[in-house]
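Engineer: Structure supplied as data_39.tsv; contents: TSV, C-alpha atoms and all ligand atoms.
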chain	number	residue	atom	x	y	z
A	1	MET	CA	0.00	0.00	0.00
A	2	GLU	CA	1.26	3.53	-0.79
A	3	LYS	CA	0.28	6.34	1.55
A	4	ARG	CA	1.36	9.90	2.01
A	5	ILE	CA	1.34	11.21	5.56
A	6	ALA	CA	1.50	14.92	6.37
A	7	VAL	CA	3.65	15.46	9.44
A	8	LEU	CA	3.15	18.55	11.59
A	9	PRO	CA	5.64	18.30	14.49
A	10	GLY	CA	4.75	21.70	16.00
A	11	ASP	CA	6.52	22.84	19.16
A	12	GLY	CA	8.32	21.54	22.25
A	13	ILE	CA	8.23	17.78	22.65
A	14	GLY	CA	5.96	17.61	19.58
A	15	LYS	CA	9.07	17.41	17.41
A	16	GLU	CA	10.64	14.65	19.53
A	17	VAL	CA	7.62	12.37	19.85
A	18	VAL	CA	6.65	12.71	16.19
A	19	GLN	CA	10.11	11.50	15.22
A	20	GLY	CA	9.49	8.34	17.25
A	21	ALA	CA	6.19	7.68	15.49
A	22	ILE	CA	7.73	8.19	12.05
A	23	GLU	CA	10.44	5.66	12.79
A	24	VAL	CA	7.90	3.12	13.94
A	25	LEU	CA	5.76	3.73	10.84
A	26	LYS	CA	8.83	3.22	8.65
A	27	ALA	CA	9.62	-0.02	10.46
A	28	VAL	CA	6.03	-1.24	9.95
A	29	GLY	CA	6.24	-0.24	6.29
A	30	GLU	CA	9.39	-2.29	5.82
A	31	ARG	CA	8.04	-5.32	7.59
A	32	TYR	CA	4.64	-5.36	5.87
A	33	ASN	CA	5.79	-3.98	2.56
A	34	HIS	CA	3.99	-0.61	2.52
A	35	GLN	CA	5.36	2.63	1.12
A	36	PHE	CA	4.70	5.42	3.59
A	37	SER	CA	6.01	8.83	2.54
A	38	PHE	CA	6.15	11.85	4.84
A	39	ALA	CA	5.46	15.48	3.93
A	40	PHE	CA	6.55	17.90	6.66
A	41	ALA	CA	4.71	21.15	7.39
A	42	GLU	CA	4.66	23.82	10.07
A	43	ILE	CA	2.05	24.58	12.71
A	44	GLY	CA	1.89	26.46	16.01
A	45	GLY	CA	4.67	28.57	17.42
A	46	SER	CA	7.31	27.36	14.99
A	47	ALA	CA	5.00	28.30	12.10
A	48	TYR	CA	4.47	31.71	13.71
A	49	ASP	CA	8.24	32.18	13.97
A	50	SER	CA	8.88	31.43	10.32
A	51	THR	CA	5.71	32.77	8.65
A	52	GLY	CA	3.97	35.08	11.14
A	53	VAL	CA	0.85	32.91	11.45
A	54	PRO	CA	0.19	29.71	13.45
A	55	LEU	CA	-1.34	27.90	10.47
A	56	PRO	CA	0.11	28.83	7.06
A	57	GLU	CA	-1.96	28.12	3.93
A	58	GLU	CA	0.84	25.87	2.71
A	59	THR	CA	0.29	23.57	5.70
A	60	ILE	CA	-3.42	23.22	4.95
A	61	LYS	CA	-2.57	22.44	1.34
A	62	ILE	CA	-0.05	19.74	2.28
A	63	CYS	CA	-2.57	18.17	4.68
A	64	LYS	CA	-5.34	18.13	2.08
A	65	GLU	CA	-3.02	16.46	-0.43
A	66	SER	CA	-2.16	13.69	2.05
A	67	ASP	CA	-3.93	10.53	3.16
A	68	ALA	CA	-3.58	11.26	6.86
A	69	VAL	CA	-2.06	13.87	9.16
A	70	LEU	CA	0.25	13.20	12.11
A	71	LEU	CA	0.55	16.08	14.56
A	72	GLY	CA	2.85	16.56	17.56
A	73	ALA	CA	1.83	19.42	19.83
A	74	VAL	CA	1.80	23.22	19.81
A	75	GLY	CA	2.52	26.02	22.23
A	76	GLY	CA	5.03	27.18	24.77
A	77	PRO	CA	5.74	30.05	27.18
A	78	LYS	CA	7.74	31.80	24.46
A	79	TYR	CA	4.44	32.71	22.80
A	80	ASP	CA	2.62	34.09	25.86
A	81	THR	CA	3.05	37.64	24.62
A	82	VAL	CA	1.91	36.96	21.05
A	83	PRO	CA	-1.50	38.51	20.19
A	84	VAL	CA	-4.25	36.04	21.10
A	85	HIS	CA	-5.40	35.41	17.52
A	86	LEU	CA	-1.86	34.43	16.50
A	87	ARG	CA	-1.08	32.11	19.41
A	88	PRO	CA	0.05	28.56	18.62
A	89	GLU	CA	-3.21	27.08	20.00
A	90	GLN	CA	-5.09	29.00	17.29
A	91	GLY	CA	-3.22	26.89	14.76
A	92	LEU	CA	-4.82	23.81	16.27
A	93	LEU	CA	-8.34	25.27	16.27
A	94	GLN	CA	-7.84	26.44	12.69
A	95	ILE	CA	-6.61	23.11	11.36
A	96	ARG	CA	-9.63	21.39	12.93
A	97	LYS	CA	-11.88	23.82	11.09
A	98	ALA	CA	-9.89	23.69	7.84
A	99	LEU	CA	-10.02	19.89	7.69
A	100	ASN	CA	-13.58	19.82	9.04
A	101	LEU	CA	-12.55	17.48	11.86
A	102	PHE	CA	-15.90	17.28	13.61
A	103	ALA	CA	-15.21	14.40	15.99
A	104	ASN	CA	-12.28	13.65	18.26
A	105	LEU	CA	-11.86	10.03	19.28
A	106	ARG	CA	-9.95	9.23	22.44
A	107	PRO	CA	-9.64	5.65	23.54
A	108	THR	CA	-8.81	4.94	27.17
A	109	THR	CA	-7.48	1.46	27.60
A	110	TYR	CA	-5.98	-0.36	30.52
A	111	PHE	CA	-2.25	-1.13	30.46
A	112	ALA	CA	-1.81	-3.89	33.02
A	113	SER	CA	1.86	-3.11	33.56
A	114	LEU	CA	1.09	0.55	34.35
A	115	ALA	CA	-1.71	-0.10	36.87
A	116	ASP	CA	0.53	1.19	39.66
A	117	SER	CA	0.91	4.63	38.12
A	118	SER	CA	-2.84	5.33	38.16
A	119	PRO	CA	-4.17	7.42	41.04
A	120	LEU	CA	-7.12	4.99	41.17
A	121	ARG	CA	-7.19	1.55	42.76
A	122	LYS	CA	-6.49	-1.36	40.47
A	123	GLU	CA	-9.93	-2.95	40.94
A	124	ILE	CA	-11.57	0.24	39.67
A	125	ILE	CA	-9.54	0.52	36.47
A	126	GLU	CA	-8.69	-3.08	35.64
A	127	GLY	CA	-10.10	-3.82	32.19
A	128	VAL	CA	-11.27	-0.26	31.42
A	129	ASP	CA	-11.86	0.01	27.68
A	130	MET	CA	-13.74	3.11	26.66
A	131	LEU	CA	-13.83	5.48	23.74
A	132	MET	CA	-14.67	9.13	24.21
A	133	VAL	CA	-16.16	10.84	21.14
A	134	ARG	CA	-15.98	14.61	21.51
A	135	GLU	CA	-17.63	17.05	19.10
A	136	LEU	CA	-14.76	19.23	17.91
A	137	THR	CA	-15.82	22.04	15.59
A	138	GLY	CA	-18.88	23.54	17.24
A	139	GLY	CA	-20.29	24.66	20.57
A	140	ILE	CA	-19.03	27.37	22.85
A	141	TYR	CA	-15.44	27.27	21.53
A	142	PHE	CA	-16.59	28.58	18.16
A	143	GLY	CA	-20.00	30.27	18.62
A	144	GLN	CA	-20.38	33.97	17.90
A	145	PRO	CA	-20.58	36.48	19.49
A	146	ARG	CA	-17.75	36.06	21.94
A	147	GLU	CA	-16.72	39.39	23.35
A	148	ARG	CA	-16.49	41.80	26.22
A	149	ARG	CA	-19.15	44.46	26.38
A	150	GLU	CA	-20.30	47.28	28.47
A	151	VAL	CA	-23.87	46.78	29.61
A	152	ASN	CA	-25.55	49.54	31.68
A	153	GLY	CA	-22.13	50.91	32.45
A	154	LYS	CA	-20.87	47.58	33.76
A	155	GLU	CA	-18.24	45.29	32.32
A	156	ALA	CA	-19.86	42.15	30.88
A	157	VAL	CA	-18.87	39.25	28.71
A	158	VAL	CA	-20.57	36.81	26.37
A	159	ASP	CA	-19.65	33.42	24.86
A	160	THR	CA	-22.11	31.62	22.63
A	161	LEU	CA	-22.98	27.93	22.67
A	162	TYR	CA	-24.31	27.34	19.17
A	163	TYR	CA	-25.07	24.06	17.40
A	164	GLU	CA	-26.97	23.19	14.27
A	165	ARG	CA	-28.93	19.94	14.29
A	166	ASP	CA	-26.73	18.48	11.50
A	167	GLU	CA	-23.59	18.99	13.56
A	168	ILE	CA	-25.12	17.12	16.48
A	169	GLU	CA	-26.45	14.37	14.24
A	170	ARG	CA	-23.18	13.53	12.52
A	171	VAL	CA	-21.15	13.20	15.71
A	172	ILE	CA	-23.78	11.11	17.49
A	173	ARG	CA	-24.17	8.89	14.43
A	174	GLN	CA	-20.42	8.42	14.40
A	175	ALA	CA	-20.54	7.31	18.04
A	176	PHE	CA	-23.19	4.70	17.23
A	177	GLU	CA	-21.16	3.46	14.26
A	178	LEU	CA	-18.13	3.02	16.51
A	179	ALA	CA	-20.21	1.28	19.19
A	180	LYS	CA	-21.24	-1.35	16.61
A	181	THR	CA	-17.70	-2.73	16.63
A	182	ARG	CA	-17.37	-2.55	20.42
A	183	LYS	CA	-19.54	-3.36	23.45
A	184	LYS	CA	-22.67	-1.88	21.88
A	185	LYS	CA	-23.37	0.82	24.40
A	186	VAL	CA	-23.46	4.59	23.89
A	187	THR	CA	-23.54	7.00	26.81
A	188	SER	CA	-24.60	10.46	25.67
A	189	VAL	CA	-23.44	13.12	28.11
A	190	ASP	CA	-25.28	16.43	28.35
A	191	LYS	CA	-26.74	18.99	30.73
A	192	ALA	CA	-30.33	18.66	29.57
A	193	ASN	CA	-31.74	19.82	32.90
A	194	VAL	CA	-30.31	23.29	32.26
A	195	LEU	CA	-29.19	23.87	28.66
A	196	GLU	CA	-31.38	24.17	25.58
A	197	SER	CA	-28.51	22.88	23.41
A	198	SER	CA	-28.42	19.76	25.57
A	199	ARG	CA	-32.15	19.21	25.14
A	200	LEU	CA	-31.70	19.14	21.38
A	201	TRP	CA	-28.63	16.92	21.83
A	202	ARG	CA	-30.69	14.41	23.82
A	203	GLU	CA	-33.56	14.52	21.32
A	204	VAL	CA	-31.18	13.80	18.43
A	205	ALA	CA	-29.50	10.97	20.35
A	206	VAL	CA	-32.87	9.28	20.87
A	207	GLU	CA	-33.77	9.69	17.19
A	208	ILE	CA	-30.49	8.27	15.92
A	209	SER	CA	-30.63	5.36	18.35
A	210	LYS	CA	-33.72	4.12	16.49
A	211	ASP	CA	-31.43	3.23	13.56
A	212	TYR	CA	-29.30	1.08	15.89
A	213	PRO	CA	-31.64	-1.31	17.72
A	214	GLU	CA	-28.72	-3.50	18.79
A	215	ILE	CA	-27.05	-0.64	20.68
A	216	THR	CA	-28.08	0.54	24.13
A	217	LEU	CA	-28.33	4.32	24.55
A	218	GLU	CA	-27.94	5.85	27.98
A	219	HIS	CA	-28.13	9.55	28.89
A	220	MET	CA	-26.02	11.02	31.64
A	221	LEU	CA	-25.77	14.54	33.00
A	222	VAL	CA	-22.24	15.86	32.72
A	223	ASP	CA	-21.76	16.49	36.43
A	224	ASN	CA	-22.74	12.92	37.23
A	225	GLY	CA	-20.61	11.73	34.30
A	226	ALA	CA	-17.55	13.40	35.76
A	227	MET	CA	-18.14	11.50	39.00
A	228	GLN	CA	-18.99	8.16	37.37
A	229	LEU	CA	-15.77	8.28	35.34
A	230	VAL	CA	-13.66	7.89	38.47
A	231	ARG	CA	-16.16	5.87	40.52
A	232	ASN	CA	-16.96	3.18	38.01
A	233	PRO	CA	-15.28	3.72	34.64
A	234	LYS	CA	-15.93	0.14	33.54
A	235	GLN	CA	-19.60	0.98	32.96
A	236	PHE	CA	-18.61	2.98	29.85
A	237	ASP	CA	-18.10	1.84	26.28
A	238	VAL	CA	-18.58	4.74	23.85
A	239	VAL	CA	-19.19	8.15	25.41
A	240	VAL	CA	-20.35	10.97	23.14
A	241	THR	CA	-20.56	14.59	24.12
A	242	GLU	CA	-20.32	18.19	22.94
A	243	ASN	CA	-17.08	20.11	22.58
A	244	MET	CA	-16.46	21.69	25.98
A	245	PHE	CA	-17.84	18.81	28.06
A	246	GLY	CA	-15.67	16.47	25.98
A	247	ASP	CA	-12.60	18.61	26.47
A	248	ILE	CA	-12.96	18.36	30.22
A	249	LEU	CA	-14.10	14.74	30.47
A	250	SER	CA	-11.49	13.38	28.09
A	251	ASP	CA	-8.68	14.88	30.16
A	252	GLU	CA	-10.30	13.35	33.22
A	253	ALA	CA	-10.58	9.97	31.49
A	254	SER	CA	-6.95	10.15	30.49
A	255	VAL	CA	-5.68	9.82	34.05
A	256	LEU	CA	-7.66	6.64	34.70
A	257	THR	CA	-5.17	4.28	33.20
A	258	GLY	CA	-1.95	6.13	32.83
A	259	SER	CA	0.14	9.11	31.97
A	260	LEU	CA	-0.74	11.77	29.45
A	261	GLY	CA	2.28	10.40	27.65
A	262	MET	CA	0.45	7.15	26.85
A	263	LEU	CA	-2.75	8.32	25.21
A	264	PRO	CA	-3.46	8.71	21.49
A	265	SER	CA	-6.30	10.39	19.63
A	266	ALA	CA	-7.84	10.60	16.19
A	267	SER	CA	-9.90	13.44	14.76
A	268	ILE	CA	-12.14	12.55	11.88
A	269	SER	CA	-14.12	14.29	9.16
A	270	GLU	CA	-16.60	13.31	6.49
A	271	GLU	CA	-14.15	13.61	3.60
A	272	GLY	CA	-10.69	12.99	5.11
A	273	PRO	CA	-7.79	13.22	5.70
A	274	TYR	CA	-8.07	12.43	9.40
A	275	LEU	CA	-5.66	13.85	11.95
A	276	TYR	CA	-3.82	11.86	14.62
A	277	GLU	CA	-2.11	13.31	17.66
A	278	PRO	CA	-1.15	12.49	21.24
A	279	ILE	CA	-3.52	14.07	23.74
A	280	HIS	CA	-0.71	15.74	25.66
A	281	GLY	CA	0.61	19.21	24.95
A	282	SER	CA	4.05	20.50	24.05
A	283	ALA	CA	5.34	20.02	27.63
A	284	PRO	CA	7.78	22.97	27.63
A	285	ASP	CA	9.14	21.85	31.01
A	286	ILE	CA	10.76	18.77	29.47
A	287	ALA	CA	11.20	19.85	25.83
A	288	GLY	CA	14.56	19.31	24.14
A	289	LYS	CA	15.80	16.87	26.79
A	290	ASN	CA	15.06	13.61	25.02
A	291	ILE	CA	12.99	12.40	27.99
A	292	ALA	CA	9.40	12.74	26.68
A	293	ASN	CA	7.31	9.62	26.32
A	294	PRO	CA	6.80	8.91	22.60
A	295	LEU	CA	4.23	6.14	23.14
A	296	ALA	CA	1.12	8.35	22.85
A	297	THR	CA	2.27	9.45	19.41
A	298	ILE	CA	3.34	5.95	18.42
A	299	LEU	CA	-0.11	4.69	19.46
A	300	SER	CA	-1.67	7.56	17.48
A	301	ALA	CA	0.21	6.23	14.44
A	302	ALA	CA	-1.33	2.82	15.17
A	303	MET	CA	-4.78	4.43	15.19
A	304	MET	CA	-3.93	5.98	11.82
A	305	LEU	CA	-3.08	2.59	10.34
A	306	LYS	CA	-6.34	1.13	11.61
A	307	VAL	CA	-8.82	3.97	11.10
A	308	SER	CA	-7.49	5.70	7.97
A	309	PHE	CA	-5.81	2.84	6.13
A	310	GLY	CA	-7.71	-0.21	7.39
A	311	LEU	CA	-4.41	-1.87	8.35
A	312	ASP	CA	-5.72	-3.68	11.43
A	313	GLU	CA	-2.93	-6.23	11.64
A	314	GLU	CA	-0.18	-3.62	11.39
A	315	ALA	CA	-1.91	-1.46	14.03
A	316	ALA	CA	-2.25	-4.43	16.34
A	317	ALA	CA	1.45	-5.18	15.84
A	318	ILE	CA	2.35	-1.70	17.12
A	319	GLU	CA	0.01	-2.00	20.10
A	320	LYS	CA	1.46	-5.39	20.93
A	321	ALA	CA	5.01	-4.06	20.64
A	322	VAL	CA	4.18	-1.19	23.01
A	323	ASN	CA	2.68	-3.60	25.53
A	324	SER	CA	5.66	-5.92	25.40
A	325	VAL	CA	8.10	-3.05	25.88
A	326	LEU	CA	6.14	-2.01	28.96
A	327	ASP	CA	5.98	-5.59	30.20
A	328	ALA	CA	9.75	-5.80	29.78
A	329	GLY	CA	10.02	-2.88	32.22
A	330	PHE	CA	11.10	-0.01	29.97
A	331	ARG	CA	9.81	3.35	31.17
A	332	THR	CA	10.22	7.00	30.31
A	333	GLY	CA	10.32	9.36	33.30
A	334	ASP	CA	6.58	10.11	33.34
A	335	ILE	CA	5.67	6.44	33.91
A	336	MET	CA	8.78	5.41	35.85
A	337	SER	CA	8.36	3.33	38.99
A	338	GLU	CA	10.61	1.35	41.28
A	339	GLY	CA	12.55	-1.52	39.79
A	340	LYS	CA	11.94	-0.48	36.17
A	341	THR	CA	14.46	0.58	33.54
A	342	GLN	CA	14.38	4.29	32.74
A	343	VAL	CA	14.93	5.10	29.08
A	344	SER	CA	15.01	8.21	26.90
A	345	THR	CA	12.62	9.14	24.09
A	346	THR	CA	14.91	7.71	21.43
A	347	GLU	CA	15.67	4.56	23.45
A	348	MET	CA	11.96	3.91	23.97
A	349	THR	CA	11.42	4.25	20.22
A	350	GLU	CA	14.27	1.79	19.57
A	351	GLU	CA	12.73	-0.72	21.98
A	352	VAL	CA	9.36	-0.52	20.22
A	353	LYS	CA	11.05	-1.05	16.85
A	354	LYS	CA	12.92	-4.06	18.24
A	355	ALA	CA	9.71	-5.51	19.67
A	356	LEU	CA	8.03	-5.10	16.28
A	401	LIG	P1	-1.66	22.00	26.50
A	401	LIG	O1	-2.32	23.24	26.94
A	401	LIG	O2	-0.87	22.14	25.23
A	401	LIG	O3	-2.56	20.79	26.50
A	401	LIG	P2	-0.77	21.37	29.09
A	401	LIG	O4	-0.54	22.55	29.92
A	401	LIG	O5	-2.03	20.60	29.26
A	401	LIG	O6	-0.55	21.72	27.58
A	401	LIG	P3	1.16	19.31	28.68
A	401	LIG	O7	2.10	19.89	27.71
A	401	LIG	O8	0.24	18.27	28.19
A	401	LIG	O9	0.44	20.46	29.42
A	401	LIG	O10	1.98	18.75	29.89
A	401	LIG	C1	1.42	18.55	31.19
A	401	LIG	C2	2.45	17.83	32.05
A	401	LIG	O11	2.61	16.48	31.58
A	401	LIG	C3	3.84	18.45	31.98
A	401	LIG	O12	4.47	18.41	33.22
A	401	LIG	C4	4.57	17.59	30.99
A	401	LIG	O13	5.93	17.54	31.21
A	401	LIG	C5	3.93	16.23	31.17
A	401	LIG	N1	3.89	15.51	29.89
A	401	LIG	C6	3.05	15.75	28.86
A	401	LIG	N2	3.29	14.96	27.82
A	401	LIG	C7	4.31	14.17	28.19
A	401	LIG	C8	5.06	13.13	27.55
A	401	LIG	N3	4.79	12.73	26.29
A	401	LIG	N4	6.06	12.54	28.24
A	401	LIG	C9	6.34	12.92	29.47
A	401	LIG	N5	5.70	13.88	30.15
A	401	LIG	C10	4.70	14.52	29.52
A	402	MG	MG	-3.87	20.24	28.17
Please re-express this file's structure in structure tokens.

Structural biologist:
Amino acid sequence: MEKRIAVLPGDGIGKEVVQGAIEVLKAVGERYNHQFSFAFAEIGGSAYDSTGVPLPEETIKICKESDAVLLGAVGGPKYDTVPVHLRPEQGLLQIRKALNLFANLRPTTYFASLADSSPLRKEIIEGVDMLMVRELTGGIYFGQPRERREVNGKEAVVDTLYYERDEIERVIRQAFELAKTRKKKVTSVDKANVLESSRLWREVAVEISKDYPEITLEHMLVDNGAMQLVRNPKQFDVVVTENMFGDILSDEASVLTGSLGMLPSASISEEGPYLYEPIHGSAPDIAGKNIANPLATILSAAMMLKVSFGLDEEAAAIEKAVNSVLDAGFRTGDIMSEGKTQVSTTEMTEEVKKAL
């Protein structure tokens, strides 16, 4: 198979972890006889430094001409004084819009050999296998108006939570499609006791569920959902929710079974290409030291093989290699514990390649 992958390393550890994923993809290509080519492009602070904007047109073009996009991370303290609309994080919001990435998929799976590094007891997290589906291009992060005003001589502010029915439909339908291949349960998270947008969300969820009689639909209020995630995460299979709730809950879910450095994500659209990235940020505190954990990005590459290219066996091979490296006791600093072997970013990548 021949595939072209756009690579957007971004800032901080983004550059380091993306390198790890590329090497693993190359190794998979060699072993399974696929030609993966890589087209590099700029995003975030490094794009701002060289072009004056966090998402140059050229980057969008390269992404659109590719079969999938691999992204590192953006941001850093260096850009704190840059005007808000040119900050690195804007690059991320803009690429989501430009590629129409309406749903963000974040799996949370249990790594037996990392059970000790979770803040939760083993019996609570053992066997957790959930998939959070977060709406990504609508809601309060994009709605207009969003501004400060003076009202009756007082300082006031407004953000707008806006959704069109279509936008809600496509993300909920996606969640049901994904549930088909899993444990056949969808939990729709909303705040329907307070928000009008959530009442429409719930209505749409019920409607769509009629097309999927084999799948159980459950509604949960977001405040309860936040509690249930740490009380009894095993009750969840696919969780679908709007943009801001999903932002908060998916970070919460990420600590259930391990470090930020372990968790991949995929963002999908109707037309492609899809974008794959670790859920962690640019981690300025450890950038440039060759100590970041590359596994989240390597696992994001595995998601790419499975979701974008249909290469299930190759994806499983990466996941298996990651698990065996962990079982063998190799750890980057973020997941280090007593009696294990601490390795650098590049050493961890080497171990995964060896295990492949
Ligand atoms: P952002 O706003 O971009 O999401 P953030 O403030 O949430 O950034 P991160 O960059 O995700 O922060 O980092 C949070 C903490 O986790 C930092 O201390 C960082 O060093 C650590 N961390 C994040 N990713 C990794 C990784 N891949 N390996 C090791 N440590 C990491
Ligand atoms: Mg963050």

Engineer: Return as a VMD selection string every polymer residue, whether protein, DNA or RNA, with at least one atom no more than 10 Å from an atom of ligand LIG 401 (chain A); count all atoms listed in the file.

Structural biologist: chain A and resid 11 to 14 16 to 17 72 to 76 88 to 89 92 251 259 to 263 278 to 287 290 to 297 332 to 335 345

Engineer: Expressed in Å to a single decimal, how great is the separation between CA of Asp49 in chain A and CA of Val18 in chain A?

Structural biologist: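 Taking CA of Asp49 in chain A and CA of Val18 in chain A, their separation equals 19.7 Å.
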
Engineer: I want to know what sits within 10 Å of Met220 in chain A, based on only C-alpha atoms, with residues of the same chain fewer than 3 positions away left out; could you give that as a PyMOL selection string?

Structural biologist: chain A and resi 187-192+202+223-226+228+239+241

Engineer: Just checking: using only C-alpha atoms and all ligand atoms, which residue out of A:Leu161, A:Met336, A:Leu305, A:Ile248 ends up closest to ligand MG 402 (chain A)?

Structural biologist: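 Among A:Leu161, A:Met336, A:Leu305, A:Ile248, it is A:Ile248 that comes nearest to ligand MG 402 (chain A).
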
Engineer: One decimal, Å: what's the distance from CA of Glu42 in chain A over to CA of Gly138 in chain A, could you say?

Structural biologist: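 Here the two named atoms are 24.6 Å from each other.
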
Engineer: Could N, CA and C atoms be built for range 23-34 of chain A and written out as a PDB file, in the frame of the given file?

Structural biologist:
ATOM      1  N   GLU A  23       9.540   6.818  12.870  1.00  0.00           N
ATOM      2  CA  GLU A  23      10.440   5.660  12.790  1.00  0.00           C
ATOM      3  C   GLU A  23       9.678   4.351  12.913  1.00  0.00           C
ATOM      4  N   VAL A  24       8.693   4.347  13.785  1.00  0.00           N
ATOM      5  CA  VAL A  24       7.900   3.120  13.940  1.00  0.00           C
ATOM      6  C   VAL A  24       7.078   2.863  12.675  1.00  0.00           C
ATOM      7  N   LEU A  25       6.518   3.913  12.085  1.00  0.00           N
ATOM      8  CA  LEU A  25       5.760   3.730  10.840  1.00  0.00           C
ATOM      9  C   LEU A  25       6.665   3.185   9.727  1.00  0.00           C
ATOM     10  N   LYS A  26       7.886   3.717   9.671  1.00  0.00           N
ATOM     11  CA  LYS A  26       8.830   3.220   8.650  1.00  0.00           C
ATOM     12  C   LYS A  26       9.126   1.742   8.877  1.00  0.00           C
ATOM     13  N   ALA A  27       9.323   1.377  10.146  1.00  0.00           N
ATOM     14  CA  ALA A  27       9.620  -0.020  10.460  1.00  0.00           C
ATOM     15  C   ALA A  27       8.441  -0.923  10.063  1.00  0.00           C
ATOM     16  N   VAL A  28       7.228  -0.468  10.329  1.00  0.00           N
ATOM     17  CA  VAL A  28       6.030  -1.240   9.950  1.00  0.00           C
ATOM     18  C   VAL A  28       5.955  -1.345   8.427  1.00  0.00           C
ATOM     19  N   GLY A  29       6.260  -0.232   7.745  1.00  0.00           N
ATOM     20  CA  GLY A  29       6.240  -0.240   6.290  1.00  0.00           C
ATOM     21  C   GLY A  29       7.189  -1.275   5.716  1.00  0.00           C
ATOM     22  N   GLU A  30       8.401  -1.312   6.296  1.00  0.00           N
ATOM     23  CA  GLU A  30       9.390  -2.290   5.820  1.00  0.00           C
ATOM     24  C   GLU A  30       8.918  -3.716   6.033  1.00  0.00           C
ATOM     25  N   ARG A  31       8.397  -3.948   7.253  1.00  0.00           N
ATOM     26  CA  ARG A  31       8.040  -5.320   7.590  1.00  0.00           C
ATOM     27  C   ARG A  31       6.840  -5.822   6.789  1.00  0.00           C
ATOM     28  N   TYR A  32       5.868  -4.927   6.547  1.00  0.00           N
ATOM     29  CA  TYR A  32       4.640  -5.360   5.870  1.00  0.00           C
ATOM     30  C   TYR A  32       4.593  -4.926   4.403  1.00  0.00           C
ATOM     31  N   ASN A  33       5.696  -4.360   3.959  1.00  0.00           N
ATOM     32  CA  ASN A  33       5.790  -3.980   2.560  1.00  0.00           C
ATOM     33  C   ASN A  33       4.802  -2.887   2.127  1.00  0.00           C
ATOM     34  N   HIS A  34       4.781  -1.790   2.901  1.00  0.00           N
ATOM     35  CA  HIS A  34       3.990  -0.610   2.520  1.00  0.00           C
ATOM     36  C   HIS A  34       4.936   0.557   2.286  1.00  0.00           C
TER      37      HIS A  34
END
